[in-house]
Structures are given as structure tokens and as C-alpha cells.
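Visitor: Would you mind keeping the following structure in view while I ask a few things?
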Amino acid sequence: MLLKEMVTAFKKEDVKSVYTLFKDDKIMNAKQEKAMLTDRNKNWAEKMPEIMQKESSFFAVGGAHLMGENGIIQLLRSKGYTVKPVLSL
């Protein structure tokens with residue numbers, strides 16, 4: 001059931017729901033979340049500005065990496081960047 005909800009949210013481009021569902025304890029525990037999301041997001045948010053300064057850039061990441069206080073969107077916004085979604089490609 002959880003996977004079906006995730007797929008439905010993904011198809012609707014509802015990244016908030018994808019993030020909420022992905023954070024469910026049935027999917028991963030706190031240690032896994034830190035390793036799979038938080039640490040990776042912080043690492044990317046440090047490397048992305050260097051890449052963006054060199055050339056115009058497009059980054060594609062999984063929906064679970066976008067939301068939350070340690071999500072890519074918030075991390076880049078806290079560095080002063082404007083982050084816009086690209087929907088319905």
C-alpha cells in the first residue's frame with residue numbers, strides 16, 4: 001500500500017507527499033535517513049554552487065531529496081539561491 005501511495009504521489013508531482021511517505025519508518029530508520037538523504041543532500045548543496053558558477057546547470061534528484069529542512073531546496077535557498085521546479089516535462 002505504501003509503495004502504491006508513493007507512485008501515485010510521484011505521478012501527481014506531489015513532492016511533499018513523496019517526502020512524507022519516504023520518511024515513514026517502514027521505509028527507513030533515522031540512521032538510514034541520515035545516510036541516504038541528509039548527508040547526501042548537504043554534500044550536494046556544497047558542490048552544486050561550484051558547478052553552477054561555471055555554467056548554466058540543471059540538476060535532477062529523487063523527490064525525497066527535495067523537501068524538509070535538510071532537503072536540497074531549503075539548503076540551496078539558505079545559501080541565497082532561487083530554486084524553481086520544472087514540472088510536467
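Chain identifiers are assigned as A, B, and so on, following the order in which chains appear in the C-alpha cells; residues are numbered from 1 within each chain, and ligands are numbered from 1 in order of appearance.
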Once DSSP has gone over the backbone, tell me which residues of chain A are in alpha helix (DSSP H), as a VMD selection string.

Guide: chain A and resid 2 to 11 15 to 22 30 to 33 39 to 54 72 to 77

Visitor: Any idea what's packed within 12 Å of Trp44 in chain A, counting only C-alpha atoms, ignoring anything in its chain fewer than 3 positions away? Could you give it as a ChimeraX atom specification?

Guide: /A:37-41,47-52,59-61,65-66,70-73,75-76

Visitor: What would the file look like if the residues just selected were written as an mmCIF file, in the first residue's frame with N, CA and C atoms?

Guide:
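That gives us result.cif:
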```cif
data_model
loop_
_atom_site.group_PDB
_atom_site.id
_atom_site.type_symbol
_atom_site.label_atom_id
_atom_site.label_comp_id
_atom_site.auth_asym_id
_atom_site.auth_seq_id
_atom_site.Cartn_x
_atom_site.Cartn_y
_atom_site.Cartn_z
ATOM 1 N N LEU A 37 19.670 10.490 2.842
ATOM 2 C CA LEU A 37 19.131 11.792 2.461
ATOM 3 C C LEU A 37 19.964 12.957 3.002
ATOM 4 N N THR A 38 19.985 13.110 4.304
ATOM 5 C CA THR A 38 20.597 14.299 4.913
ATOM 6 C C THR A 38 22.053 14.496 4.513
ATOM 7 N N ASP A 39 22.881 13.491 4.726
ATOM 8 C CA ASP A 39 24.311 13.633 4.405
ATOM 9 C C ASP A 39 24.533 13.868 2.917
ATOM 10 N N ARG A 40 23.820 13.139 2.094
ATOM 11 C CA ARG A 40 23.976 13.304 0.640
ATOM 12 C C ARG A 40 23.515 14.684 0.201
ATOM 13 N N ASN A 41 22.376 15.151 0.735
ATOM 14 C CA ASN A 41 21.869 16.474 0.370
ATOM 15 C C ASN A 41 22.867 17.570 0.736
ATOM 16 N N LYS A 47 28.508 21.153 -3.299
ATOM 17 C CA LYS A 47 29.139 21.015 -4.618
ATOM 18 C C LYS A 47 28.387 21.742 -5.727
ATOM 19 N N MET A 48 27.075 21.854 -5.599
ATOM 20 C CA MET A 48 26.268 22.462 -6.657
ATOM 21 C C MET A 48 26.676 23.896 -6.990
ATOM 22 N N PRO A 49 26.908 24.771 -5.999
ATOM 23 C CA PRO A 49 27.288 26.148 -6.337
ATOM 24 C C PRO A 49 28.539 26.245 -7.211
ATOM 25 N N GLU A 50 29.516 25.417 -6.950
ATOM 26 C CA GLU A 50 30.736 25.421 -7.763
ATOM 27 C C GLU A 50 30.414 25.076 -9.218
ATOM 28 N N ILE A 51 29.564 24.098 -9.412
ATOM 29 C CA ILE A 51 29.160 23.695 -10.759
ATOM 30 C C ILE A 51 28.354 24.812 -11.416
ATOM 31 N N MET A 52 27.425 25.420 -10.658
ATOM 32 C CA MET A 52 26.561 26.468 -11.205
ATOM 33 C C MET A 52 27.345 27.720 -11.577
ATOM 34 N N PHE A 59 19.849 20.204 -12.400
ATOM 35 C CA PHE A 59 20.090 19.066 -11.517
ATOM 36 C C PHE A 59 18.795 18.287 -11.356
ATOM 37 N N ALA A 60 18.860 17.003 -11.517
ATOM 38 C CA ALA A 60 17.702 16.131 -11.295
ATOM 39 C C ALA A 60 18.024 15.204 -10.130
ATOM 40 N N VAL A 61 17.139 15.209 -9.135
ATOM 41 C CA VAL A 61 17.321 14.348 -7.963
ATOM 42 C C VAL A 61 15.995 13.665 -7.656
ATOM 43 N N HIS A 65 14.656 13.856 -1.937
ATOM 44 C CA HIS A 65 15.792 14.739 -1.648
ATOM 45 C C HIS A 65 15.408 16.218 -1.673
ATOM 46 N N LEU A 66 14.195 16.524 -2.072
ATOM 47 C CA LEU A 66 13.820 17.918 -2.263
ATOM 48 C C LEU A 66 13.294 18.619 -1.020
ATOM 49 N N ASN A 70 16.453 19.749 5.633
ATOM 50 C CA ASN A 70 17.728 19.295 5.072
ATOM 51 C C ASN A 70 17.590 18.855 3.625
ATOM 52 N N GLY A 71 16.510 19.285 2.985
ATOM 53 C CA GLY A 71 16.305 18.980 1.574
ATOM 54 C C GLY A 71 17.102 19.932 0.700
ATOM 55 N N ILE A 72 17.344 19.517 -0.522
ATOM 56 C CA ILE A 72 18.132 20.325 -1.463
ATOM 57 C C ILE A 72 17.545 21.725 -1.637
ATOM 58 N N ILE A 73 16.221 21.817 -1.741
ATOM 59 C CA ILE A 73 15.597 23.132 -1.950
ATOM 60 C C ILE A 73 15.958 24.081 -0.816
ATOM 61 N N LEU A 75 18.318 23.836 1.506
ATOM 62 C CA LEU A 75 19.763 24.041 1.644
ATOM 63 C C LEU A 75 20.278 25.072 0.640
ATOM 64 N N LEU A 76 19.805 25.009 -0.601
ATOM 65 C CA LEU A 76 20.244 25.984 -1.605
ATOM 66 C C LEU A 76 19.644 27.365 -1.342
#
```

Visitor: Find the residues near Gly63 in chain A: any atom within 8 Å, counting only C-alpha atoms, skip ones fewer than 5 places away on the same chain, and give them as a ChimeraX atom specification.

Guide: /A:10,15,18-19

Visitor: For a quick check of understanding, using only C-alpha atoms, which of A:Leu2, A:Val7, A:Val83, A:Ala45 has the smallest distance to Lys23 in chain A?

Guide: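 The shortest atom-to-atom distance to Lys23 in chain A comes from A:Leu2.
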
Visitor: Which residues are close to Ser17 in chain A, i.e. within 10 Å by only C-alpha atoms, leaving aside same-chain residues fewer than 3 positions away? Reply as a list in words.

Guide: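 So, after excluding close chain neighbours, the residues are Glu5, Met6, Thr8, Ala9, Phe10, Lys12, Glu13, Asp14, Thr20, Leu21, Phe22, Lys23, Gly63, Ala64 and Met67 of chain A.
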
Visitor: Let me make sure I understand: among A:Gln74, A:Tyr81, A:Phe58, A:Asp25, which one has the smallest atom-to-atom distance to Lys42 in chain A if we use only C-alpha atoms?

Guide: A:Gln74
